[in-house]
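Peer 1: For reference, the structure I am asking about is given below.
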Amino acid sequence: MTLDLFEDALPPPWREEIAPGAVVLHGFVRDHGPELLAAVQSVVAQVPWRHMTTPGGYTMSVAMSWCGNGWTSDSRGYRYSARDSRSGKRWPPIPDILMALADEAALQAGFGHYVPDSCLMNRYDPGSKLSLHQDKDEHDFGSPIVSVSLGLPAVFQFGGLQRSDKTRRIPLAHGDVVVWGGPSRLCFHGIMPVKEGYHSLVGPHRINITLRKAL
Ligand code: MD6
Ligand code: FE
């Protein structure tokens, strides 16, 4: 698929390699906020924001929604599934604009064409955070993750393969895209508590969209 949706963002957004296999495309989708937010809202209308419980029994401060292969929980815990185990219905499809964005961003970052099958969305209200974690529930660690930041800024923590490894802090702003794979794919990472603020398009929130190959 060739869409020139993102072409005007190409010359040259500031491309920053934060680790081998992890690239920040600063401002990559800065000019596409309204369409991206509309895509998020169309998904959230079908899969309302929800605060998940961690395996340790904590309620997450981040609210989540998803499309493509989404989360389901059953007696075995959380896992990716094409369907909502409660209703038996498929989760909504990934909007075209997000599929196009994932492909363009993965290409720009040097990973080649990319067809994700899962999209998780996180909404952070001021004070919300995401503790250090690894993304390891996907079946395919060979594919990168494309991560889009919208709304309020945040500080991304990025460490190594051990939880105790030193982390660096990378500021992420509205319109930034992180593409992350290869030797970085299983690195610990998190989001520091989001500061109070108001974004003209998104309001008092940060929204993160991650595109993945999960199944
Ligand atoms: C966030 N992102 O930016 C949380 N995971 O709100 C993630 O946890 C993440 O950005 C894997 C790859 C890229 C990410
Ligand atoms: Fe993650």
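If you're wondering about the labels, chains in the structure tokens are A, B, ... by order shown, residues count from 1 in each chain, ligands from 1 in order shown.
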Ligand 2: which residues are within 10 Å, counting only C-alpha atoms and all ligand atoms? Reply as a list in words.
Peer 2: Leu120, Leu130, Ser131, Leu132, His133, Gln134, Asp135, Lys136, Ile145, Ser147, Arg185, Leu186, Cys187, Phe188, His189, Gly190, Ile191 and Thr210 of chain A
Peer 1: Skip A:Pro20 itself and residues of its chain fewer than 5 positions away, then list as a list in words all residues within 9 Å of it, counting only C-alpha atoms.
Peer 2: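 Contacts, with the query itself left out: Trp180, Gly181, Gly182, Pro183 and Ser184 of chain A.
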Peer 1: Smallest atom-to-atom distance to ligand 1: which of A:Asn69, A:Ser149, A:Gln162, A:Thr167, using only C-alpha atoms and all ligand atoms?
Peer 2: A:Ser149
Peer 1: What is the distance between atom CA of A:Pro95 and atom CA of A:Tyr198, in Å to one decimal?
Peer 2: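 Calculated distance between atom CA of A:Pro95 and atom CA of A:Tyr198 is 26.1 Å.
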Peer 1: Please return, as a CSV table (one decimal) with all heavy atoms, in the first residue's frame, all residues of stretch 23-160 of chain A that DSSP assigns to strand (DSSP E or B) on the basis of the backbone.
Peer 2:
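Output (states19.csv):
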```csv
chain,number,residue,atom,x,y,z
A,23,VAL,N,14.5,3.8,17.4
A,23,VAL,CA,14.6,5.1,16.8
A,23,VAL,C,13.4,6.0,17.1
A,23,VAL,O,12.3,5.5,17.0
A,23,VAL,CB,14.6,4.8,15.2
A,23,VAL,CG1,14.7,6.2,14.5
A,23,VAL,CG2,15.7,3.9,14.8
A,24,VAL,N,13.7,7.2,17.5
A,24,VAL,CA,12.6,8.2,17.6
A,24,VAL,C,12.5,9.0,16.4
A,24,VAL,O,13.5,9.6,16.0
A,24,VAL,CB,12.8,9.1,18.9
A,24,VAL,CG1,11.6,10.0,19.1
A,24,VAL,CG2,13.1,8.3,20.1
A,25,LEU,N,11.3,9.1,15.8
A,25,LEU,CA,11.1,9.9,14.6
A,25,LEU,C,10.3,11.1,15.2
A,25,LEU,O,9.1,11.1,15.3
A,25,LEU,CB,10.3,9.2,13.6
A,25,LEU,CG,10.8,7.9,13.0
A,25,LEU,CD1,9.8,7.2,12.1
A,25,LEU,CD2,12.1,8.1,12.3
A,50,ARG,N,-10.6,1.4,29.6
A,50,ARG,CA,-10.7,0.6,30.8
A,50,ARG,C,-9.4,0.6,31.5
A,50,ARG,O,-8.4,0.6,30.9
A,50,ARG,CB,-11.2,-0.8,30.4
A,50,ARG,CG,-10.3,-1.5,29.4
A,50,ARG,CD,-11.0,-2.6,28.7
A,50,ARG,NE,-12.0,-2.2,27.8
A,50,ARG,CZ,-12.9,-3.0,27.2
A,50,ARG,NH1,-12.9,-4.3,27.4
A,50,ARG,NH2,-13.8,-2.5,26.4
A,53,THR,N,-6.4,-4.6,35.5
A,53,THR,CA,-5.7,-5.1,36.7
A,53,THR,C,-4.5,-5.8,36.3
A,53,THR,O,-4.5,-6.7,35.4
A,53,THR,CB,-6.7,-6.0,37.5
A,53,THR,OG1,-7.9,-5.2,37.7
A,53,THR,CG2,-6.1,-6.3,38.9
A,59,THR,N,-4.6,-2.0,40.1
A,59,THR,CA,-5.3,-1.4,39.0
A,59,THR,C,-4.4,-0.3,38.3
A,59,THR,O,-3.8,0.5,39.0
A,59,THR,CB,-6.6,-0.6,39.5
A,59,THR,OG1,-7.4,-1.6,40.2
A,59,THR,CG2,-7.4,0.0,38.4
A,63,ALA,N,-5.5,4.1,31.3
A,63,ALA,CA,-6.7,3.5,30.7
A,63,ALA,C,-6.3,3.0,29.3
A,63,ALA,O,-5.5,3.6,28.6
A,63,ALA,CB,-7.8,4.5,30.6
A,64,MET,N,-6.9,1.8,29.0
A,64,MET,CA,-6.5,1.1,27.7
A,64,MET,C,-7.7,0.9,26.8
A,64,MET,O,-8.9,0.7,27.3
A,64,MET,CB,-5.9,-0.2,28.0
A,64,MET,CG,-4.5,-0.1,28.7
A,64,MET,SD,-3.7,-1.7,28.8
A,64,MET,CE,-3.2,-1.9,27.1
A,65,SER,N,-7.5,0.9,25.5
A,65,SER,CA,-8.4,0.4,24.5
A,65,SER,C,-7.6,-0.3,23.5
A,65,SER,O,-6.3,-0.3,23.6
A,65,SER,CB,-9.2,1.6,23.9
A,65,SER,OG,-10.1,1.1,22.9
A,66,TRP,N,-8.2,-0.9,22.5
A,66,TRP,CA,-7.4,-1.6,21.5
A,66,TRP,C,-8.3,-2.0,20.3
A,66,TRP,O,-9.5,-1.9,20.3
A,66,TRP,CB,-6.8,-2.9,22.1
A,66,TRP,CG,-7.8,-3.7,22.8
A,66,TRP,CD1,-8.9,-4.4,22.3
A,66,TRP,CD2,-7.9,-3.9,24.3
A,66,TRP,NE1,-9.6,-5.0,23.3
A,66,TRP,CE2,-9.0,-4.7,24.5
A,66,TRP,CE3,-7.1,-3.4,25.3
A,66,TRP,CZ2,-9.3,-5.0,25.8
A,66,TRP,CZ3,-7.5,-3.7,26.6
A,66,TRP,CH2,-8.6,-4.5,26.9
A,67,CYS,N,-7.6,-2.4,19.2
A,67,CYS,CA,-8.2,-2.9,18.0
A,67,CYS,C,-7.3,-3.9,17.4
A,67,CYS,O,-6.1,-4.1,17.8
A,67,CYS,CB,-8.6,-1.8,17.1
A,67,CYS,SG,-7.3,-0.7,16.7
A,68,GLY,N,-7.8,-4.6,16.3
A,68,GLY,CA,-7.0,-5.7,15.8
A,68,GLY,C,-7.0,-6.8,16.9
A,68,GLY,O,-8.0,-7.1,17.5
A,70,GLY,N,-6.7,-7.9,20.3
A,70,GLY,CA,-6.8,-7.1,21.6
A,70,GLY,C,-6.5,-8.0,22.8
A,70,GLY,O,-6.1,-9.2,22.6
A,71,TRP,N,-6.7,-7.4,24.0
A,71,TRP,CA,-6.5,-8.2,25.2
A,71,TRP,C,-7.8,-8.9,25.6
A,71,TRP,O,-8.8,-8.4,25.5
A,71,TRP,CB,-6.1,-7.3,26.3
A,71,TRP,CG,-4.7,-6.8,26.3
A,71,TRP,CD1,-4.3,-5.5,26.1
A,71,TRP,CD2,-3.6,-7.5,26.6
A,71,TRP,NE1,-3.0,-5.4,26.2
A,71,TRP,CE2,-2.5,-6.6,26.5
A,71,TRP,CE3,-3.3,-8.9,26.9
A,71,TRP,CZ2,-1.2,-7.0,26.8
A,71,TRP,CZ3,-2.0,-9.3,27.1
A,71,TRP,CH2,-1.0,-8.4,27.0
A,72,THR,N,-7.6,-10.2,26.0
A,72,THR,CA,-8.7,-10.8,26.7
A,72,THR,C,-8.1,-11.5,27.9
A,72,THR,O,-6.9,-11.9,27.9
A,72,THR,CB,-9.2,-12.0,25.9
A,72,THR,OG1,-8.7,-12.0,24.6
A,72,THR,CG2,-10.7,-12.1,25.9
A,73,SER,N,-8.9,-11.6,28.9
A,73,SER,CA,-8.4,-12.3,30.1
A,73,SER,C,-9.3,-13.5,30.3
A,73,SER,O,-10.5,-13.5,30.1
A,73,SER,CB,-8.4,-11.4,31.3
A,73,SER,OG,-9.8,-11.0,31.6
A,74,ASP,N,-8.7,-14.6,30.8
A,74,ASP,CA,-9.4,-15.7,31.2
A,74,ASP,C,-8.6,-16.3,32.3
A,74,ASP,O,-7.7,-15.7,32.9
A,74,ASP,CB,-9.6,-16.7,30.0
A,74,ASP,CG,-8.3,-17.2,29.4
A,74,ASP,OD1,-7.3,-17.0,30.1
A,74,ASP,OD2,-8.4,-17.7,28.3
A,77,GLY,N,-5.0,-15.9,32.5
A,77,GLY,CA,-4.4,-14.5,32.5
A,77,GLY,C,-4.7,-13.7,31.3
A,77,GLY,O,-5.6,-14.2,30.5
A,78,TYR,N,-3.9,-12.7,31.0
A,78,TYR,CA,-4.2,-11.9,29.8
A,78,TYR,C,-3.4,-12.5,28.7
A,78,TYR,O,-2.3,-13.0,28.8
A,78,TYR,CB,-3.6,-10.4,30.1
A,78,TYR,CG,-4.5,-9.7,31.0
A,78,TYR,CD1,-4.0,-9.3,32.3
A,78,TYR,CD2,-5.8,-9.3,30.7
A,78,TYR,CE1,-4.8,-8.6,33.2
A,78,TYR,CE2,-6.6,-8.6,31.5
A,78,TYR,CZ,-6.1,-8.3,32.8
A,78,TYR,OH,-6.9,-7.6,33.7
A,79,ARG,N,-4.0,-12.3,27.5
A,79,ARG,CA,-3.3,-12.7,26.3
A,79,ARG,C,-4.0,-12.0,25.1
A,79,ARG,O,-5.1,-11.4,25.2
A,79,ARG,CB,-3.4,-14.2,26.1
A,79,ARG,CG,-4.8,-14.7,26.0
A,79,ARG,CD,-4.9,-16.3,26.1
A,79,ARG,NE,-6.2,-16.6,26.3
A,79,ARG,CZ,-7.2,-16.7,25.4
A,79,ARG,NH1,-6.9,-16.4,24.1
A,79,ARG,NH2,-8.4,-17.0,25.7
A,80,TYR,N,-3.3,-12.0,24.0
A,80,TYR,CA,-3.8,-11.4,22.8
A,80,TYR,C,-4.9,-12.3,22.2
A,80,TYR,O,-4.7,-13.6,22.2
A,80,TYR,CB,-2.7,-11.2,21.7
A,80,TYR,CG,-1.9,-10.0,22.0
A,80,TYR,CD1,-0.6,-10.1,22.6
A,80,TYR,CD2,-2.3,-8.7,21.7
A,80,TYR,CE1,0.2,-9.1,22.8
A,80,TYR,CE2,-1.5,-7.6,22.0
A,80,TYR,CZ,-0.2,-7.8,22.5
A,80,TYR,OH,0.6,-6.7,22.7
A,81,SER,N,-5.9,-11.8,21.7
A,81,SER,CA,-6.9,-12.6,21.0
A,81,SER,C,-7.7,-11.7,20.0
A,81,SER,O,-7.9,-10.5,20.2
A,81,SER,CB,-7.9,-13.1,22.1
A,81,SER,OG,-9.1,-13.5,21.5
A,83,ARG,N,-10.7,-12.0,19.4
A,83,ARG,CA,-12.1,-11.8,19.8
A,83,ARG,C,-12.2,-11.5,21.3
A,83,ARG,O,-11.3,-11.8,22.1
A,83,ARG,CB,-12.9,-13.1,19.6
A,83,ARG,CG,-13.1,-13.4,18.2
A,83,ARG,CD,-13.7,-14.9,18.0
A,83,ARG,NE,-13.7,-15.2,16.6
A,83,ARG,CZ,-14.6,-14.9,15.7
A,83,ARG,NH1,-15.7,-14.2,16.1
A,83,ARG,NH2,-14.5,-15.2,14.5
A,90,ARG,N,-15.4,-10.2,17.3
A,90,ARG,CA,-14.0,-9.7,17.0
A,90,ARG,C,-13.9,-8.3,17.5
A,90,ARG,O,-14.8,-7.5,17.5
A,90,ARG,CB,-13.8,-9.7,15.5
A,90,ARG,CG,-13.5,-11.0,14.9
A,90,ARG,CD,-13.2,-10.9,13.4
A,90,ARG,NE,-12.8,-12.2,12.9
A,90,ARG,CZ,-11.5,-12.6,13.0
A,90,ARG,NH1,-10.6,-11.7,13.5
A,90,ARG,NH2,-11.1,-13.8,12.6
A,118,SER,N,-2.1,-5.9,15.6
A,118,SER,CA,-2.6,-5.5,16.9
A,118,SER,C,-2.3,-4.0,17.2
A,118,SER,O,-1.3,-3.5,16.8
A,118,SER,CB,-2.0,-6.4,18.0
A,118,SER,OG,-2.3,-5.9,19.3
A,119,CYS,N,-3.2,-3.4,17.9
A,119,CYS,CA,-3.0,-2.0,18.2
A,119,CYS,C,-3.5,-1.7,19.6
A,119,CYS,O,-4.7,-1.8,19.8
A,119,CYS,CB,-3.7,-1.1,17.2
A,119,CYS,SG,-3.7,0.7,17.5
A,120,LEU,N,-2.6,-1.4,20.5
A,120,LEU,CA,-3.0,-1.0,21.9
A,120,LEU,C,-3.0,0.5,22.0
A,120,LEU,O,-2.1,1.1,21.5
A,120,LEU,CB,-2.1,-1.7,22.9
A,120,LEU,CG,-2.0,-3.2,22.9
A,120,LEU,CD1,-1.1,-3.7,24.0
A,120,LEU,CD2,-3.3,-3.9,23.0
A,121,MET,N,-4.0,1.0,22.7
A,121,MET,CA,-4.0,2.5,23.0
A,121,MET,C,-4.0,2.7,24.5
A,121,MET,O,-4.7,2.0,25.2
A,121,MET,CB,-5.3,3.0,22.4
A,121,MET,CG,-5.3,2.8,20.9
A,121,MET,SD,-6.8,3.3,20.2
A,121,MET,CE,-6.5,3.1,18.4
A,122,ASN,N,-3.2,3.6,24.9
A,122,ASN,CA,-3.1,4.0,26.3
A,122,ASN,C,-3.5,5.4,26.5
A,122,ASN,O,-3.0,6.3,25.8
A,122,ASN,CB,-1.7,3.9,26.9
A,122,ASN,CG,-1.2,2.5,26.9
A,122,ASN,OD1,-1.9,1.5,27.0
A,122,ASN,ND2,0.1,2.3,26.7
A,123,ARG,N,-4.4,5.7,27.5
A,123,ARG,CA,-4.7,7.1,27.8
A,123,ARG,C,-4.1,7.4,29.2
A,123,ARG,O,-4.5,6.7,30.2
A,123,ARG,CB,-6.2,7.4,27.8
A,123,ARG,CG,-6.5,8.9,27.8
A,123,ARG,CD,-7.9,9.2,28.2
A,123,ARG,NE,-8.1,8.8,29.6
A,123,ARG,CZ,-9.3,8.5,30.2
A,123,ARG,NH1,-10.3,8.3,29.5
A,123,ARG,NH2,-9.3,8.2,31.5
A,124,TYR,N,-3.3,8.5,29.3
A,124,TYR,CA,-2.7,8.9,30.5
A,124,TYR,C,-3.4,10.2,30.9
A,124,TYR,O,-3.4,11.2,30.2
A,124,TYR,CB,-1.2,9.2,30.4
A,124,TYR,CG,-0.4,8.0,30.0
A,124,TYR,CD1,-0.4,7.5,28.7
A,124,TYR,CD2,0.5,7.4,30.9
A,124,TYR,CE1,0.4,6.4,28.4
A,124,TYR,CE2,1.3,6.3,30.6
A,124,TYR,CZ,1.2,5.8,29.3
A,124,TYR,OH,2.0,4.7,28.9
A,130,LEU,N,3.4,4.5,33.7
A,130,LEU,CA,3.5,3.0,33.3
A,130,LEU,C,4.8,2.6,33.8
A,130,LEU,O,5.9,3.1,33.4
A,130,LEU,CB,3.4,2.9,31.8
A,130,LEU,CG,3.2,1.5,31.2
A,130,LEU,CD1,1.9,0.9,31.7
A,130,LEU,CD2,3.2,1.5,29.7
A,131,SER,N,4.8,1.6,34.8
A,131,SER,CA,6.0,1.2,35.4
A,131,SER,C,6.9,0.4,34.4
A,131,SER,O,6.4,-0.1,33.4
A,131,SER,CB,5.7,0.2,36.6
A,131,SER,OG,4.8,0.9,37.5
A,132,LEU,N,8.1,0.3,34.7
A,132,LEU,CA,9.1,-0.4,33.9
A,132,LEU,C,8.5,-1.8,33.5
A,132,LEU,O,8.1,-2.6,34.4
A,132,LEU,CB,10.4,-0.6,34.6
A,132,LEU,CG,11.4,0.5,34.5
A,132,LEU,CD1,12.7,0.1,35.2
A,132,LEU,CD2,11.7,1.0,33.1
A,133,HIS,N,8.5,-2.2,32.3
A,133,HIS,CA,8.0,-3.5,31.9
A,133,HIS,C,8.7,-3.9,30.6
A,133,HIS,O,9.4,-3.0,29.9
A,133,HIS,CB,6.5,-3.4,31.6
A,133,HIS,CG,6.1,-2.5,30.5
A,133,HIS,ND1,6.0,-1.2,30.6
A,133,HIS,CD2,5.8,-2.8,29.2
A,133,HIS,CE1,5.6,-0.7,29.5
A,133,HIS,NE2,5.5,-1.6,28.6
A,145,ILE,N,7.9,-2.7,17.1
A,145,ILE,CA,6.7,-2.0,17.6
A,145,ILE,C,6.8,-0.6,17.2
A,145,ILE,O,7.8,0.1,17.3
A,145,ILE,CB,6.6,-2.1,19.1
A,145,ILE,CG1,6.4,-3.6,19.6
A,145,ILE,CG2,5.5,-1.3,19.7
A,145,ILE,CD1,6.3,-3.8,21.0
A,146,VAL,N,5.7,0.0,16.7
A,146,VAL,CA,5.6,1.4,16.3
A,146,VAL,C,4.7,2.1,17.3
A,146,VAL,O,3.6,1.6,17.6
A,146,VAL,CB,5.1,1.6,14.9
A,146,VAL,CG1,4.8,3.0,14.6
A,146,VAL,CG2,6.0,1.0,13.8
A,147,SER,N,5.3,3.1,18.0
A,147,SER,CA,4.6,3.7,19.1
A,147,SER,C,4.4,5.2,18.9
A,147,SER,O,5.4,5.9,18.6
A,147,SER,CB,5.5,3.5,20.4
A,147,SER,OG,5.1,4.3,21.4
A,148,VAL,N,3.2,5.7,18.9
A,148,VAL,CA,2.8,7.1,18.6
A,148,VAL,C,2.4,7.8,19.8
A,148,VAL,O,1.6,7.3,20.6
A,148,VAL,CB,1.7,7.1,17.6
A,148,VAL,CG1,1.4,8.5,17.1
A,148,VAL,CG2,1.9,6.1,16.4
A,149,SER,N,3.0,9.0,20.0
A,149,SER,CA,2.6,9.9,21.2
A,149,SER,C,1.7,11.0,20.7
A,149,SER,O,2.1,11.7,19.8
A,149,SER,CB,3.8,10.4,21.9
A,149,SER,OG,4.6,9.4,22.4
A,150,LEU,N,0.6,11.2,21.4
A,150,LEU,CA,-0.3,12.3,21.1
A,150,LEU,C,-0.6,13.1,22.4
A,150,LEU,O,-0.7,12.4,23.4
A,150,LEU,CB,-1.6,11.9,20.4
A,150,LEU,CG,-1.5,11.1,19.1
A,150,LEU,CD1,-2.9,10.6,18.7
A,150,LEU,CD2,-0.9,12.1,18.0
A,151,GLY,N,-0.8,14.4,22.3
A,151,GLY,CA,-1.3,15.1,23.5
A,151,GLY,C,-0.2,15.5,24.4
A,151,GLY,O,0.9,15.9,23.9
A,154,ALA,N,5.6,13.5,27.7
A,154,ALA,CA,5.9,12.6,28.7
A,154,ALA,C,7.4,12.2,28.6
A,154,ALA,O,8.0,12.5,27.6
A,154,ALA,CB,5.1,11.3,28.5
A,155,VAL,N,7.9,11.6,29.7
A,155,VAL,CA,9.2,11.2,29.7
A,155,VAL,C,9.2,9.6,29.6
A,155,VAL,O,8.6,9.0,30.5
A,155,VAL,CB,10.0,11.7,30.9
A,155,VAL,CG1,11.4,11.1,30.9
A,155,VAL,CG2,10.0,13.2,31.0
A,156,PHE,N,9.9,9.1,28.6
A,156,PHE,CA,10.0,7.7,28.3
A,156,PHE,C,11.2,7.2,29.0
A,156,PHE,O,12.3,7.8,28.9
A,156,PHE,CB,10.0,7.5,26.8
A,156,PHE,CG,9.9,6.2,26.3
A,156,PHE,CD1,8.9,5.3,26.7
A,156,PHE,CD2,10.8,5.7,25.3
A,156,PHE,CE1,8.7,4.1,26.2
A,156,PHE,CE2,10.6,4.4,24.8
A,156,PHE,CZ,9.6,3.6,25.2
A,157,GLN,N,11.1,6.2,29.8
A,157,GLN,CA,12.3,5.6,30.4
A,157,GLN,C,12.7,4.3,29.6
A,157,GLN,O,11.8,3.5,29.3
A,157,GLN,CB,12.0,5.0,31.8
A,157,GLN,CG,11.8,6.1,32.9
A,157,GLN,CD,11.4,5.3,34.1
A,157,GLN,OE1,10.3,4.8,34.2
A,157,GLN,NE2,12.3,5.3,35.1
A,158,PHE,N,14.0,4.2,29.3
A,158,PHE,CA,14.4,3.2,28.4
A,158,PHE,C,15.7,2.5,29.1
A,158,PHE,O,16.7,3.2,29.2
A,158,PHE,CB,14.7,3.7,27.0
A,158,PHE,CG,15.1,2.7,26.1
A,158,PHE,CD1,14.1,2.0,25.4
A,158,PHE,CD2,16.4,2.4,25.8
A,158,PHE,CE1,14.5,1.0,24.5
A,158,PHE,CE2,16.8,1.4,24.9
A,158,PHE,CZ,15.8,0.7,24.3
```
Peer 1: Which residue, A:Arg206, A:Lys166, A:His113, A:His199, has the smallest gap to ligand 1 when you use only C-alpha atoms and all ligand atoms?
Peer 2: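 Smallest distance to ligand 1 is found for A:Arg206.
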Peer 1: Please measure the separation of atom CA of A:Ser164 and atom CA of A:Gly56, giving the value in Å to one decimal.
Peer 2: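 Separation of atom CA of A:Ser164 and atom CA of A:Gly56: 19.1 Å.
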Peer 1: Write out as an mmCIF file with N, CA and C atoms, in the first residue's frame each polymer residue whose atoms come within 12 Å of A:Leu98, counting only C-alpha atoms; drop sequence neighbours fewer than 3 positions from it.
Peer 2:
```cif
data_model
loop_
_atom_site.group_PDB
_atom_site.id
_atom_site.type_symbol
_atom_site.label_atom_id
_atom_site.label_comp_id
_atom_site.auth_asym_id
_atom_site.auth_seq_id
_atom_site.Cartn_x
_atom_site.Cartn_y
_atom_site.Cartn_z
ATOM 1 N N LEU A 3 0.488 5.201 0.435
ATOM 2 C CA LEU A 3 -0.329 6.372 0.742
ATOM 3 C C LEU A 3 0.645 7.504 0.978
ATOM 4 N N LEU A 5 -0.012 9.942 2.754
ATOM 5 C CA LEU A 5 -0.520 10.608 3.956
ATOM 6 C C LEU A 5 0.560 11.294 4.764
ATOM 7 N N PHE A 6 1.705 10.647 4.888
ATOM 8 C CA PHE A 6 2.715 11.159 5.806
ATOM 9 C C PHE A 6 3.888 11.800 5.092
ATOM 10 N N VAL A 29 4.317 12.513 12.994
ATOM 11 C CA VAL A 29 2.875 12.636 12.696
ATOM 12 C C VAL A 29 2.278 13.913 13.294
ATOM 13 N N HIS A 32 -0.783 15.322 11.665
ATOM 14 C CA HIS A 32 -1.916 14.415 11.432
ATOM 15 C C HIS A 32 -2.711 14.137 12.696
ATOM 16 N N GLY A 33 -2.541 14.995 13.701
ATOM 17 C CA GLY A 33 -3.235 14.805 14.973
ATOM 18 C C GLY A 33 -4.738 14.613 14.833
ATOM 19 N N GLU A 35 -6.703 13.544 12.395
ATOM 20 C CA GLU A 35 -7.127 12.254 11.815
ATOM 21 C C GLU A 35 -6.800 11.095 12.761
ATOM 22 N N LEU A 36 -5.642 11.195 13.407
ATOM 23 C CA LEU A 36 -5.259 10.108 14.307
ATOM 24 C C LEU A 36 -6.189 10.059 15.515
ATOM 25 N N LEU A 37 -6.522 11.232 16.031
ATOM 26 C CA LEU A 37 -7.424 11.281 17.176
ATOM 27 C C LEU A 37 -8.809 10.757 16.789
ATOM 28 N N ALA A 38 -9.255 11.077 15.583
ATOM 29 C CA ALA A 38 -10.548 10.559 15.114
ATOM 30 C C ALA A 38 -10.502 9.030 15.036
ATOM 31 N N ALA A 39 -9.360 8.491 14.600
ATOM 32 C CA ALA A 39 -9.219 7.025 14.534
ATOM 33 C C ALA A 39 -9.285 6.422 15.933
ATOM 34 N N VAL A 40 -8.606 7.079 16.887
ATOM 35 C CA VAL A 40 -8.646 6.600 18.275
ATOM 36 C C VAL A 40 -10.092 6.626 18.778
ATOM 37 N N VAL A 43 -12.307 3.841 17.591
ATOM 38 C CA VAL A 43 -12.058 2.567 18.283
ATOM 39 C C VAL A 43 -12.637 2.610 19.696
ATOM 40 N N CYS A 67 -7.555 -2.412 19.222
ATOM 41 C CA CYS A 67 -8.219 -2.934 18.028
ATOM 42 C C CYS A 67 -7.267 -3.923 17.370
ATOM 43 N N GLY A 68 -7.765 -4.612 16.341
ATOM 44 C CA GLY A 68 -6.986 -5.732 15.814
ATOM 45 C C GLY A 68 -7.013 -6.838 16.863
ATOM 46 N N PRO A 93 -11.428 -3.630 13.618
ATOM 47 C CA PRO A 93 -10.200 -3.654 12.818
ATOM 48 C C PRO A 93 -9.335 -2.422 13.092
ATOM 49 N N ILE A 94 -8.051 -2.535 12.778
ATOM 50 C CA ILE A 94 -7.144 -1.400 12.919
ATOM 51 C C ILE A 94 -7.463 -0.383 11.820
ATOM 52 N N PRO A 95 -7.759 0.879 12.168
ATOM 53 C CA PRO A 95 -8.071 1.877 11.135
ATOM 54 C C PRO A 95 -6.944 1.996 10.104
ATOM 55 N N LEU A 101 0.434 4.495 8.788
ATOM 56 C CA LEU A 101 1.441 5.116 9.646
ATOM 57 C C LEU A 101 2.496 4.100 10.081
ATOM 58 N N ALA A 102 2.029 2.919 10.495
ATOM 59 C CA ALA A 102 2.960 1.882 10.966
ATOM 60 C C ALA A 102 3.942 1.511 9.866
ATOM 61 N N ASP A 103 3.415 1.359 8.660
ATOM 62 C CA ASP A 103 4.258 0.960 7.531
ATOM 63 C C ASP A 103 5.292 2.048 7.217
ATOM 64 N N GLU A 104 4.825 3.293 7.128
ATOM 65 C CA GLU A 104 5.726 4.415 6.812
ATOM 66 C C GLU A 104 6.806 4.581 7.882
ATOM 67 N N ALA A 105 6.408 4.477 9.130
ATOM 68 C CA ALA A 105 7.356 4.689 10.225
ATOM 69 C C ALA A 105 8.385 3.566 10.277
ATOM 70 N N TYR A 114 5.826 -3.021 6.981
ATOM 71 C CA TYR A 114 5.321 -3.540 8.255
ATOM 72 C C TYR A 114 3.802 -3.653 8.216
ATOM 73 N N VAL A 115 3.295 -4.823 8.549
ATOM 74 C CA VAL A 115 1.854 -5.048 8.631
ATOM 75 C C VAL A 115 1.517 -5.547 10.041
ATOM 76 N N PRO A 116 1.198 -4.634 10.939
ATOM 77 C CA PRO A 116 0.880 -5.055 12.304
ATOM 78 C C PRO A 116 -0.482 -5.749 12.351
ATOM 79 N N ASP A 117 -0.740 -6.507 13.421
ATOM 80 C CA ASP A 117 -2.053 -7.149 13.564
ATOM 81 C C ASP A 117 -2.731 -6.770 14.878
ATOM 82 N N SER A 118 -2.098 -5.865 15.618
ATOM 83 C CA SER A 118 -2.641 -5.494 16.923
ATOM 84 C C SER A 118 -2.317 -4.040 17.210
ATOM 85 N N CYS A 119 -3.213 -3.363 17.871
ATOM 86 C CA CYS A 119 -2.994 -1.959 18.202
ATOM 87 C C CYS A 119 -3.534 -1.700 19.597
ATOM 88 N N LEU A 120 -2.637 -1.376 20.513
ATOM 89 C CA LEU A 120 -3.043 -1.036 21.883
ATOM 90 C C LEU A 120 -2.993 0.474 22.036
ATOM 91 N N MET A 121 -3.952 1.012 22.741
ATOM 92 C CA MET A 121 -3.994 2.454 22.985
ATOM 93 C C MET A 121 -4.008 2.690 24.483
ATOM 94 N N VAL A 146 5.675 -0.034 16.665
ATOM 95 C CA VAL A 146 5.611 1.386 16.305
ATOM 96 C C VAL A 146 4.733 2.066 17.340
ATOM 97 N N SER A 147 5.262 3.103 17.976
ATOM 98 C CA SER A 147 4.598 3.727 19.124
ATOM 99 C C SER A 147 4.427 5.223 18.870
ATOM 100 N N VAL A 148 3.191 5.688 18.935
ATOM 101 C CA VAL A 148 2.848 7.066 18.576
ATOM 102 C C VAL A 148 2.423 7.826 19.828
ATOM 103 N N VAL A 177 7.078 9.567 17.055
ATOM 104 C CA VAL A 177 6.873 8.134 16.839
ATOM 105 C C VAL A 177 8.166 7.415 17.230
ATOM 106 N N ILE A 209 -0.337 5.211 21.139
ATOM 107 C CA ILE A 209 -0.848 4.148 20.268
ATOM 108 C C ILE A 209 0.339 3.255 19.918
ATOM 109 N N THR A 210 0.249 1.962 20.208
ATOM 110 C CA THR A 210 1.324 1.059 19.770
ATOM 111 C C THR A 210 0.772 0.055 18.774
ATOM 112 N N LEU A 211 1.517 -0.104 17.682
ATOM 113 C CA LEU A 211 1.151 -1.069 16.646
ATOM 114 C C LEU A 211 2.122 -2.228 16.737
ATOM 115 N N ARG A 212 1.575 -3.415 16.751
ATOM 116 C CA ARG A 212 2.369 -4.608 17.049
ATOM 117 C C ARG A 212 2.018 -5.757 16.127
#
```
Peer 1: Just want the 6 Å neighbourhood of A:Gly27, counted on only C-alpha atoms, with same-chain residues fewer than 2 positions away dropped. Output as an mmCIF file with C-alpha atoms, in the first residue's frame.
Peer 2:
```cif
data_model
loop_
_atom_site.group_PDB
_atom_site.id
_atom_site.type_symbol
_atom_site.label_atom_id
_atom_site.label_comp_id
_atom_site.auth_asym_id
_atom_site.auth_seq_id
_atom_site.Cartn_x
_atom_site.Cartn_y
_atom_site.Cartn_z
ATOM 1 C CA PRO A 13 11.894 14.904 10.926
ATOM 2 C CA VAL A 29 2.875 12.636 12.696
ATOM 3 C CA ARG A 30 2.695 16.147 14.144
ATOM 4 C CA GLY A 175 3.515 13.725 17.071
ATOM 5 C CA ASP A 176 6.627 11.743 17.974
#
```
